[in-house]
>>> print(open('work-v9.cif').read())   # mmCIF, C-alpha atoms and all ligand atoms
data_coords
loop_
_atom_site.label_atom_id
_atom_site.label_comp_id
_atom_site.auth_asym_id
_atom_site.auth_seq_id
_atom_site.Cartn_x
_atom_site.Cartn_y
_atom_site.Cartn_z
CA MET A 1 -111.39 -81.48 -121.54
CA ALA A 2 -113.05 -83.55 -118.85
CA PRO A 3 -111.63 -87.02 -118.16
CA PHE A 4 -114.36 -88.75 -120.09
CA PRO A 5 -115.74 -91.33 -120.32
CA PRO A 6 -114.30 -93.80 -117.86
CA LEU A 7 -113.04 -97.06 -119.28
CA CYS A 8 -116.21 -98.95 -118.60
CA ALA A 9 -116.25 -102.54 -119.81
CA ALA A 10 -120.04 -102.85 -119.57
CA GLN A 11 -120.39 -100.07 -122.13
CA HIS A 12 -117.91 -101.65 -124.48
CA MET A 13 -118.99 -102.00 -128.08
CA SER A 14 -116.61 -104.47 -129.61
CA ILE A 15 -115.36 -103.61 -133.05
CA ASN A 16 -114.64 -106.54 -135.29
CA TRP A 17 -113.26 -105.10 -138.43
CA PHE A 18 -109.99 -106.65 -139.45
CA PRO A 19 -110.49 -107.69 -143.07
CA GLY A 20 -107.99 -109.98 -144.78
CA HIS A 21 -106.32 -107.21 -146.75
CA MET A 22 -105.29 -105.56 -143.46
CA SER A 23 -103.41 -108.52 -142.03
CA LYS A 24 -101.72 -108.85 -145.44
CA ALA A 25 -100.90 -105.11 -145.31
CA ILE A 26 -99.33 -105.50 -141.86
CA ARG A 27 -97.18 -108.40 -143.13
CA GLU A 28 -96.15 -106.29 -146.13
CA ILE A 29 -95.22 -103.37 -143.86
CA LYS A 30 -93.01 -105.68 -141.76
CA ASP A 31 -91.37 -106.93 -144.98
CA ILE A 32 -90.70 -103.50 -146.44
CA LEU A 33 -89.46 -101.88 -143.22
CA PRO A 34 -85.80 -102.90 -143.53
CA LYS A 35 -85.80 -101.16 -146.92
CA VAL A 36 -87.26 -97.84 -145.80
CA ASP A 37 -85.23 -94.90 -144.48
CA MET A 38 -88.00 -93.21 -142.56
CA ILE A 39 -91.59 -93.70 -141.47
CA ILE A 40 -94.37 -91.19 -141.94
CA GLU A 41 -97.29 -92.12 -139.73
CA ILE A 42 -100.48 -90.23 -140.46
CA VAL A 43 -102.80 -89.91 -137.50
CA ASP A 44 -106.14 -88.13 -137.32
CA ALA A 45 -105.67 -84.75 -135.59
CA ARG A 46 -108.96 -85.30 -133.73
CA ILE A 47 -107.71 -88.62 -132.25
CA PRO A 48 -103.89 -88.70 -132.39
CA TYR A 49 -103.63 -91.42 -129.71
CA SER A 50 -106.51 -93.65 -130.79
CA SER A 51 -105.49 -93.49 -134.45
CA ALA A 52 -101.81 -94.33 -133.79
CA ASN A 53 -100.85 -97.90 -134.52
CA PRO A 54 -99.82 -99.42 -131.18
CA VAL A 55 -97.30 -101.75 -132.82
CA ILE A 56 -95.57 -99.28 -135.13
CA SER A 57 -93.16 -98.29 -132.35
CA GLN A 58 -92.03 -101.95 -132.20
CA PHE A 59 -91.49 -102.09 -135.97
CA ARG A 60 -89.80 -98.74 -136.02
CA ALA A 61 -86.33 -99.87 -134.97
CA GLY A 62 -85.14 -96.30 -134.29
CA LYS A 63 -85.85 -95.08 -137.81
CA PRO A 64 -86.64 -91.37 -138.21
CA PHE A 65 -90.30 -90.85 -137.63
CA LEU A 66 -92.55 -88.10 -138.91
CA LYS A 67 -96.01 -87.88 -137.40
CA LEU A 68 -98.54 -85.99 -139.47
CA LEU A 69 -101.73 -84.92 -137.73
CA SER A 70 -104.08 -84.91 -140.70
CA LYS A 71 -107.50 -83.27 -141.12
CA SER A 72 -106.39 -80.56 -138.68
CA ASP A 73 -109.01 -78.28 -140.28
CA LEU A 74 -111.62 -80.38 -138.42
CA ALA A 75 -109.87 -80.57 -135.01
CA ASP A 76 -109.91 -78.25 -131.98
CA PRO A 77 -106.81 -76.08 -132.64
CA VAL A 78 -105.95 -75.69 -128.93
CA VAL A 79 -105.88 -79.47 -128.48
CA THR A 80 -103.85 -79.92 -131.68
CA GLN A 81 -101.15 -77.63 -130.25
CA GLN A 82 -101.07 -79.76 -127.08
CA TRP A 83 -100.55 -82.87 -129.20
CA LEU A 84 -97.75 -81.33 -131.25
CA ALA A 85 -95.91 -80.35 -128.06
CA HIS A 86 -96.48 -83.86 -126.70
CA PHE A 87 -95.05 -85.64 -129.77
CA GLN A 88 -92.03 -83.32 -130.09
CA LYS A 89 -90.85 -84.61 -126.70
CA GLU A 90 -90.16 -88.05 -128.20
CA ASP A 91 -86.69 -88.98 -129.51
CA ASN A 92 -86.10 -88.79 -133.26
CA VAL A 93 -89.74 -87.79 -133.87
CA LYS A 94 -91.03 -84.74 -135.69
CA ALA A 95 -94.69 -83.81 -135.71
CA LEU A 96 -96.66 -81.55 -138.02
CA ALA A 97 -100.36 -80.70 -138.22
CA VAL A 98 -101.60 -80.72 -141.81
CA THR A 99 -104.78 -80.17 -143.78
CA THR A 100 -105.79 -80.20 -147.40
CA VAL A 101 -107.08 -76.66 -146.85
CA HIS A 102 -103.41 -75.62 -146.78
CA PRO A 103 -101.58 -77.95 -149.17
CA GLU A 104 -98.46 -75.78 -148.77
CA GLN A 105 -98.18 -77.13 -145.18
CA ILE A 106 -98.12 -80.64 -146.59
CA ARG A 107 -95.47 -79.65 -149.12
CA GLN A 108 -93.23 -78.54 -146.20
CA ILE A 109 -92.33 -82.22 -145.92
CA LEU A 110 -90.39 -81.87 -149.17
CA GLY A 111 -88.07 -79.44 -147.40
CA MET A 112 -87.78 -81.59 -144.28
CA TYR A 113 -87.10 -85.18 -145.19
CA GLN A 114 -83.45 -84.67 -146.20
CA SER A 115 -82.59 -83.43 -142.72
CA MET A 116 -84.34 -86.44 -141.16
CA ALA A 117 -82.88 -89.43 -143.03
CA LYS A 118 -79.79 -90.46 -145.01
CA PRO A 119 -80.20 -91.16 -148.74
CA ASP A 120 -79.34 -94.58 -150.23
CA LYS A 121 -76.64 -95.19 -152.87
CA LEU A 122 -78.93 -93.88 -155.60
CA GLY A 123 -79.52 -90.67 -153.61
CA ASN A 124 -83.10 -91.58 -152.69
CA ILE A 125 -84.84 -91.49 -149.34
CA THR A 126 -87.65 -94.03 -149.13
CA ALA A 127 -90.50 -93.19 -146.76
CA LEU A 128 -93.24 -95.57 -145.72
CA ILE A 129 -96.61 -93.86 -145.37
CA THR A 130 -98.74 -95.67 -142.84
CA GLY A 131 -101.91 -94.96 -140.89
CA ILE A 132 -105.46 -96.05 -140.12
CA PRO A 133 -108.10 -96.26 -142.86
CA ASN A 134 -109.54 -93.01 -144.26
CA VAL A 135 -106.98 -90.78 -142.49
CA GLY A 136 -105.82 -89.12 -145.71
CA LYS A 137 -102.67 -91.07 -146.67
CA SER A 138 -103.35 -91.20 -150.41
CA THR A 139 -104.54 -87.57 -150.44
CA ILE A 140 -101.25 -86.43 -148.87
CA ILE A 141 -99.26 -88.53 -151.36
CA ASN A 142 -101.11 -86.90 -154.26
CA ILE A 143 -100.35 -83.43 -152.89
CA LEU A 144 -96.66 -84.31 -152.51
CA ALA A 145 -96.59 -85.77 -156.03
CA GLY A 146 -98.39 -82.74 -157.48
CA LYS A 147 -100.77 -85.03 -159.36
CA VAL A 148 -103.32 -87.76 -158.73
CA ILE A 149 -101.36 -91.00 -158.40
CA ALA A 150 -103.18 -92.75 -155.58
CA LYS A 151 -106.90 -93.42 -155.43
CA THR A 152 -108.73 -91.57 -152.63
CA GLY A 153 -112.29 -91.67 -151.29
CA ASN A 154 -114.39 -90.72 -148.31
CA GLU A 155 -114.76 -94.22 -146.88
CA PRO A 156 -112.29 -96.56 -145.22
CA ALA A 157 -110.29 -99.20 -147.12
CA ILE A 158 -109.90 -97.41 -150.46
CA THR A 159 -106.25 -98.44 -150.91
CA LYS A 160 -106.02 -102.25 -150.99
CA GLY A 161 -102.33 -102.87 -151.76
CA GLN A 162 -98.87 -101.31 -151.37
CA GLN A 163 -97.79 -98.86 -154.07
CA ARG A 164 -94.29 -97.41 -154.64
CA ILE A 165 -94.31 -93.81 -155.84
CA ASP A 166 -91.05 -92.19 -157.00
CA LEU A 167 -91.41 -88.42 -156.81
CA HIS A 168 -88.19 -88.05 -158.88
CA ASN A 169 -86.86 -85.46 -156.44
CA GLY A 170 -85.00 -87.80 -154.09
CA LEU A 171 -88.10 -88.93 -152.23
CA VAL A 172 -89.75 -92.31 -152.82
CA LEU A 173 -93.06 -92.93 -151.04
CA ILE A 174 -94.66 -96.24 -150.23
CA ASP A 175 -98.45 -95.87 -149.98
CA SER A 176 -100.06 -98.65 -147.97
CA PRO A 177 -103.62 -99.69 -147.14
CA GLY A 178 -105.06 -98.26 -143.95
CA ILE A 179 -104.57 -100.66 -141.09
CA LEU A 180 -106.28 -101.23 -137.80
CA TRP A 181 -105.25 -103.89 -135.33
CA PRO A 182 -106.99 -107.15 -134.48
CA LYS A 183 -107.99 -105.98 -131.00
CA ILE A 184 -108.64 -102.39 -129.93
CA GLU A 185 -107.77 -102.63 -126.24
CA ASN A 186 -109.12 -99.24 -125.17
CA PRO A 187 -112.94 -99.16 -125.56
CA ASN A 188 -112.93 -95.35 -125.80
CA SER A 189 -110.49 -95.59 -128.69
CA GLY A 190 -112.93 -97.93 -130.43
CA TYR A 191 -115.67 -95.31 -130.14
CA ARG A 192 -113.38 -92.50 -131.24
CA LEU A 193 -112.28 -94.44 -134.32
CA ALA A 194 -115.90 -95.20 -135.14
CA VAL A 195 -117.05 -91.58 -134.68
CA SER A 196 -114.21 -90.26 -136.84
CA GLY A 197 -115.03 -92.55 -139.79
CA ALA A 198 -112.09 -94.98 -139.69
CA ILE A 199 -114.27 -98.07 -139.42
CA LYS A 200 -116.55 -99.42 -142.10
CA GLU A 201 -120.18 -98.45 -141.46
CA THR A 202 -121.34 -102.06 -141.54
CA ALA A 203 -118.98 -102.97 -138.66
CA ILE A 204 -120.34 -100.43 -136.18
CA ASN A 205 -123.57 -99.79 -134.37
CA ASN A 206 -124.40 -96.14 -135.06
CA ASP A 207 -126.94 -95.92 -132.22
CA GLU A 208 -124.29 -96.82 -129.66
CA VAL A 209 -121.59 -94.70 -131.28
CA GLY A 210 -124.03 -91.77 -131.46
CA LEU A 211 -124.82 -92.11 -127.75
CA TRP A 212 -121.12 -92.11 -126.91
CA ALA A 213 -120.63 -89.02 -129.08
CA ALA A 214 -123.66 -87.24 -127.57
CA ALA A 215 -122.33 -87.81 -124.03
CA PHE A 216 -118.85 -86.65 -125.04
CA PHE A 217 -120.06 -83.48 -126.77
CA LEU A 218 -122.39 -82.59 -123.87
CA LYS A 219 -119.55 -82.87 -121.40
CA ASN A 220 -116.70 -81.36 -123.40
CA TYR A 221 -118.20 -79.00 -125.96
CA PRO A 222 -121.50 -77.78 -124.43
CA GLU A 223 -121.22 -74.29 -125.94
CA LEU A 224 -120.83 -75.67 -129.46
CA MET A 225 -123.88 -77.90 -128.94
CA LYS A 226 -125.99 -74.97 -127.67
CA LYS A 227 -124.96 -72.92 -130.68
CA ARG A 228 -125.50 -75.62 -133.30
CA PHE A 229 -128.89 -76.74 -131.98
CA LYS A 230 -130.00 -73.29 -130.81
CA LEU A 231 -130.62 -74.43 -127.23
CA GLU A 232 -130.33 -72.18 -124.18
CA THR A 233 -129.83 -75.08 -121.83
CA LEU A 234 -128.73 -78.60 -122.55
CA PRO A 235 -130.26 -81.80 -121.18
CA GLU A 236 -128.04 -83.61 -118.72
CA LEU A 237 -128.25 -87.05 -120.28
CA ASP A 238 -127.04 -88.25 -123.68
CA VAL A 239 -130.38 -89.98 -124.43
CA GLU A 240 -132.32 -86.81 -123.61
CA PHE A 241 -130.00 -84.79 -125.82
CA LEU A 242 -130.59 -87.15 -128.75
CA GLU A 243 -134.33 -87.00 -128.04
CA VAL A 244 -134.36 -83.17 -128.10
CA ILE A 245 -132.26 -82.75 -131.24
CA GLY A 246 -134.03 -85.71 -132.90
CA ARG A 247 -137.39 -83.91 -132.53
CA GLN A 248 -135.85 -80.66 -133.67
CA ARG A 249 -134.48 -82.27 -136.84
CA GLY A 250 -137.63 -84.26 -137.56
CA CYS A 251 -135.90 -87.62 -137.10
CA LEU A 252 -139.12 -89.38 -136.19
CA GLY A 253 -140.31 -92.91 -136.67
CA SER A 254 -143.67 -94.58 -136.32
CA GLY A 255 -145.96 -93.09 -133.67
CA GLY A 256 -143.98 -89.86 -133.66
CA HIS A 257 -141.18 -91.38 -131.58
CA VAL A 258 -137.62 -90.20 -132.14
CA ASP A 259 -135.73 -92.46 -134.51
CA PHE A 260 -132.48 -92.83 -132.55
CA HIS A 261 -130.63 -94.43 -135.42
CA LYS A 262 -131.38 -91.47 -137.68
CA ILE A 263 -130.43 -88.78 -135.19
CA ALA A 264 -127.31 -90.67 -134.07
CA THR A 265 -126.19 -90.95 -137.70
CA LEU A 266 -126.90 -87.25 -138.26
CA LEU A 267 -124.88 -86.26 -135.17
CA ILE A 268 -121.93 -88.43 -136.26
CA ASN A 269 -122.02 -86.97 -139.77
CA GLU A 270 -122.14 -83.42 -138.43
CA PHE A 271 -119.07 -84.19 -136.33
CA ARG A 272 -117.22 -85.69 -139.31
CA THR A 273 -117.80 -82.58 -141.42
CA ALA A 274 -117.11 -80.21 -138.47
CA THR A 275 -120.63 -78.77 -138.88
CA LEU A 276 -120.83 -79.01 -135.08
CA GLY A 277 -117.64 -76.96 -134.79
CA LEU A 278 -113.98 -77.83 -134.31
CA ILE A 279 -113.89 -80.79 -131.95
CA SER A 280 -111.11 -83.10 -130.78
CA LEU A 281 -111.98 -86.34 -129.05
CA GLU A 282 -108.90 -86.70 -126.82
CA THR A 283 -106.10 -84.67 -125.23
CA PRO A 284 -102.61 -85.99 -124.44
CA GLU A 285 -103.43 -85.89 -120.74
CA ILE A 286 -106.57 -88.01 -121.10
CA ALA A 287 -104.98 -90.38 -123.58
CA MET A 288 -101.95 -91.00 -121.36
CA ALA A 289 -104.17 -91.62 -118.32
CA GLU A 290 -106.28 -94.11 -120.31
CA ASP A 291 -103.21 -95.74 -121.75
CA ALA A 292 -101.79 -96.34 -118.27
CA ILE A 293 -105.01 -98.21 -117.35
CA VAL A 294 -104.93 -100.21 -120.59
CA GLN A 295 -101.27 -101.17 -120.05
CA GLN A 296 -102.01 -102.22 -116.47
CA ARG A 297 -104.93 -104.39 -117.64
CA LEU A 298 -102.75 -105.99 -120.30
CA ALA A 299 -100.02 -106.71 -117.73
CA GLU A 300 -102.62 -108.29 -115.41
CA LYS A 301 -103.95 -110.44 -118.27
CA GLU A 302 -100.39 -111.55 -119.09
CA ALA A 303 -99.71 -112.38 -115.43
CA LEU A 304 -102.91 -114.46 -115.26
CA LYS A 305 -101.94 -116.30 -118.45
CA ALA A 306 -98.44 -117.02 -117.08
CA GLU A 307 -99.91 -118.29 -113.80
CA ALA A 308 -102.38 -120.57 -115.64
CA GLN A 309 -99.50 -121.93 -117.71
CA ARG A 310 -97.38 -122.53 -114.58
CA LEU A 311 -100.27 -124.44 -112.93
CA ARG A 312 -100.82 -126.52 -116.08
CA LYS A 313 -97.14 -127.46 -116.13
CA LEU A 314 -97.23 -128.44 -112.43
CA ALA A 315 -100.33 -130.58 -113.00
CA PHE A 316 -98.66 -132.21 -116.01
CA LYS A 317 -95.51 -133.01 -113.97
CA ALA A 318 -97.59 -134.42 -111.10
CA ARG A 319 -99.48 -136.71 -113.52
CA ALA A 320 -96.21 -137.84 -115.13
CA LYS A 321 -94.80 -138.84 -111.69
CA LYS A 322 -97.78 -141.11 -110.88
N1 LIG B 1 -111.50 -82.20 -144.16
C1 LIG B 1 -110.45 -82.89 -144.61
N2 LIG B 1 -110.62 -84.01 -145.31
C2 LIG B 1 -109.52 -84.67 -145.74
C3 LIG B 1 -108.20 -84.22 -145.47
N3 LIG B 1 -107.32 -85.11 -145.99
C4 LIG B 1 -108.05 -86.08 -146.58
N4 LIG B 1 -109.37 -85.82 -146.45
C5 LIG B 1 -110.49 -86.64 -146.95
O1 LIG B 1 -110.47 -87.88 -146.27
C6 LIG B 1 -110.95 -88.93 -147.12
C7 LIG B 1 -109.97 -90.10 -147.13
O2 LIG B 1 -108.80 -89.76 -147.83
P1 LIG B 1 -107.81 -90.86 -148.45
O3 LIG B 1 -106.58 -90.12 -148.89
O4 LIG B 1 -108.50 -91.73 -149.42
O5 LIG B 1 -107.48 -91.69 -147.14
P2 LIG B 1 -106.53 -92.99 -146.98
O6 LIG B 1 -105.86 -92.83 -145.65
O7 LIG B 1 -105.65 -93.15 -148.16
O8 LIG B 1 -107.64 -94.13 -146.88
P3 LIG B 1 -107.50 -95.73 -147.14
O9 LIG B 1 -106.77 -95.93 -148.43
O10 LIG B 1 -108.92 -96.16 -147.19
O11 LIG B 1 -106.78 -96.28 -145.97
C8 LIG B 1 -111.14 -88.29 -148.50
O12 LIG B 1 -112.52 -87.98 -148.67
C9 LIG B 1 -110.31 -87.02 -148.43
O13 LIG B 1 -110.83 -85.99 -149.26
C10 LIG B 1 -108.05 -83.00 -144.71
O14 LIG B 1 -106.96 -82.51 -144.40
N5 LIG B 1 -109.20 -82.39 -144.31
MG MG B 2 -105.47 -94.74 -149.46
#
>>> encode(input="work-v9.cif", output="structure tokens")
Amino acid sequence: MAPFPPLCAAQHMSINWFPGHMSKAIREIKDILPKVDMIIEIVDARIPYSSANPVISQFRAGKPFLKLLSKSDLADPVVTQQWLAHFQKEDNVKALAVTTVHPEQIRQILGMYQSMAKPDKLGNITALITGIPNVGKSTIINILAGKVIAKTGNEPAITKGQQRIDLHNGLVLIDSPGILWPKIENPNSGYRLAVSGAIKETAINNDEVGLWAAAFFLKNYPELMKKRFKLETLPELDVEFLEVIGRQRGCLGSGGHVDFHKIATLLINEFRTATLGLISLETPEIAMAEDAIVQQRLAEKEALKAEAQRLRKLAFKARAKK
């Protein structure tokens, strides 16, 4: 996968979707953590870095951690293997790729959790299920329970409050609402979350997200694009690509011009259903390189803040002396 796209601030679509129930959900997760024996974080197999909660490692306090890469039926299998190898390197972390196409893979968890955590006095292991919106948390809980206990749906923010589910086999699950974080520091992660369907439609600009996706697919999955849109050669630019496939699909507006909103939405939807093929939006190598830049930018911002504070204090002292 090509190192794409660069972290370009000018291109940055800011995502402002942090509804009240999410900050409440984060508070509730902090409250329940001392009472849980292990954490199951569900990330999207197509974006395991961008869909991982950046603060969960701070909450974690060394508790056993199971990372489930969900919707793996939609992801590029080669990239999923790279991610599994990457996560297994971490201490006290197990990782598993799962999909509802193979519910038996999900049920493997029932044979794993006892070796990961110690039961409480009542013989139960309590696991917190956490993850971004629409990643499949409630679906996985229903498969583990063997019946429909938690409400599911193909849009973000279906689960609105915490729910305790006793499987009566030694495992107690805490379902929680999907959470994002107040600020998505990596602009590419913002796009990836938007393309994958984790962000409410009304909080994103599909034209911009579609352009990002078009550029990414052209660069990283050209053969799949040629096949899907029956093209022998591909245009070089994202806009041209949208223009060509927009005409092909009859996404036209007044005056016969391509309706970019329509074709962008169609492209995003075809990605979400894997109609375009099996596509992952990030590899461990790319994610780690981006993360290093993000961390450096954060450190620089912190240093600037500290310097501004130091200067304010000096000015305050100087005024007090006068
Ligand atoms: N293709 C595919 N779709 C899945 C898979 N797992 C879940 N889904 C679908 O993803 C959508 C979201 O599932 P939910 O279980 O409601 O997701 P959630 O994480 O509980 O979502 P919130 O409660 O909104 O945070 C549903 O339409 C599921 O059918 C999977 O492995 N593959
Ligand atoms: Mg849910």
>>> residues_near_point(input="work-v9.cif", point="(-104.6, -109.4, -141.6)", cutoff="12 Å", atoms="all atoms listed in the file", output="PyMOL selection string")
chain A and resi 17-29+160+177-183
>>> residues_near_ligand(input="work-v9.cif", ligand="ligand MG 2 (chain B)", cutoff="6 Å", atoms="only C-alpha atoms and all ligand atoms", output="short mmCIF file (atom, residue, chain, number, x, y, z; two decimals) with C-alpha atoms, keeping the file's coordinate frame")
data_model
loop_
_atom_site.label_atom_id
_atom_site.label_comp_id
_atom_site.auth_asym_id
_atom_site.auth_seq_id
_atom_site.Cartn_x
_atom_site.Cartn_y
_atom_site.Cartn_z
CA LYS A 137 -102.67 -91.07 -146.67
CA SER A 138 -103.35 -91.20 -150.41
CA THR A 152 -108.73 -91.57 -152.63
CA ILE A 158 -109.90 -97.41 -150.46
CA THR A 159 -106.25 -98.44 -150.91
CA PRO A 177 -103.62 -99.69 -147.14
#
>>> residues_near_ligand(input="work-v9.cif", ligand="ligand LIG 1 (chain B)", cutoff="8 Å", atoms="all atoms listed in the file", output="ChimeraX atom specification")
/A:42,70-74,98-101,131-141,150-160,175-179,273
>>> atom_distance(input="work-v9.cif", atom1="atom CA of A:Leu69", atom2="atom CA of A:Ala95")
7.4 Å
>>> atom_distance(input="work-v9.cif", atom1="atom CA of A:Gly190", atom2="atom CA of A:Leu276")
21.0 Å
>>> atom_distance(input="work-v9.cif", atom1="atom CA of A:Thr202", atom2="atom CA of A:Leu218")
26.3 Å
>>> closest_residue(input="work-v9.cif", among="A:Leu281, A:Ile184, A:Ile245, A:Ala214", to="A:Val294", atoms="all atoms listed in the file")
A:Ile184
>>> residues_around(input="work-v9.cif", residues="stretch 108-112 of chain A", least_positions_apart="5", cutoff="12 Å", atoms="all atoms listed in the file", output="NGL selection string")
:A and (38 or 40 or 64-68 or 94-99 or 102-103 or 117-118 or 125 or 127 or 140-141 or 143-146 or 167-173)
>>> residues_around(input="work-v9.cif", residues="stretch 223-226 of chain A", least_positions_apart="5", cutoff="12 Å", atoms="all atoms listed in the file", output="JSON list (two decimals) with C-alpha atoms, in the frame of the given file")
[["chain", "number", "residue", "atom", "x", "y", "z"],
["A", 76, "ASP", "CA", -109.91, -78.25, -131.98],
["A", 213, "ALA", "CA", -120.63, -89.02, -129.08],
["A", 214, "ALA", "CA", -123.66, -87.24, -127.57],
["A", 215, "ALA", "CA", -122.33, -87.81, -124.03],
["A", 216, "PHE", "CA", -118.85, -86.65, -125.04],
["A", 217, "PHE", "CA", -120.06, -83.48, -126.77],
["A", 218, "LEU", "CA", -122.39, -82.59, -123.87],
["A", 231, "LEU", "CA", -130.62, -74.43, -127.23],
["A", 232, "GLU", "CA", -130.33, -72.18, -124.18],
["A", 233, "THR", "CA", -129.83, -75.08, -121.83],
["A", 234, "LEU", "CA", -128.73, -78.60, -122.55],
["A", 235, "PRO", "CA", -130.26, -81.80, -121.18],
["A", 241, "PHE", "CA", -130.00, -84.79, -125.82],
["A", 242, "LEU", "CA", -130.59, -87.15, -128.75],
["A", 244, "VAL", "CA", -134.36, -83.17, -128.10],
["A", 245, "ILE", "CA", -132.26, -82.75, -131.24],
["A", 267, "LEU", "CA", -124.88, -86.26, -135.17],
["A", 270, "GLU", "CA", -122.14, -83.42, -138.43],
["A", 271, "PHE", "CA", -119.07, -84.19, -136.33],
["A", 274, "ALA", "CA", -117.11, -80.21, -138.47],
["A", 275, "THR", "CA", -120.63, -78.77, -138.88],
["A", 276, "LEU", "CA", -120.83, -79.01, -135.08],
["A", 277, "GLY", "CA", -117.64, -76.96, -134.79],
["A", 278, "LEU", "CA", -113.98, -77.83, -134.31],
["A", 279, "ILE", "CA", -113.89, -80.79, -131.95]]
>>> residues_near_point(input="work-v9.cif", point="(-123.1, -97.4, -135.9)", cutoff="10 Å", atoms="all atoms listed in the file", output="VMD selection string")
chain A and resid 13 191 194 to 195 199 to 211 261 264 to 265 268
>>> closest_residue(input="work-v9.cif", among="A:Val55, A:Val78, A:Ala61, A:Ile15", to="A:Pro34", atoms="all atoms listed in the file")
A:Ala61
>>> closest_residue(input="work-v9.cif", among="A:Ile56, A:Ala75, A:Ile174, A:Ala292", to="A:Asp37", atoms="only C-alpha atoms")
A:Ile174
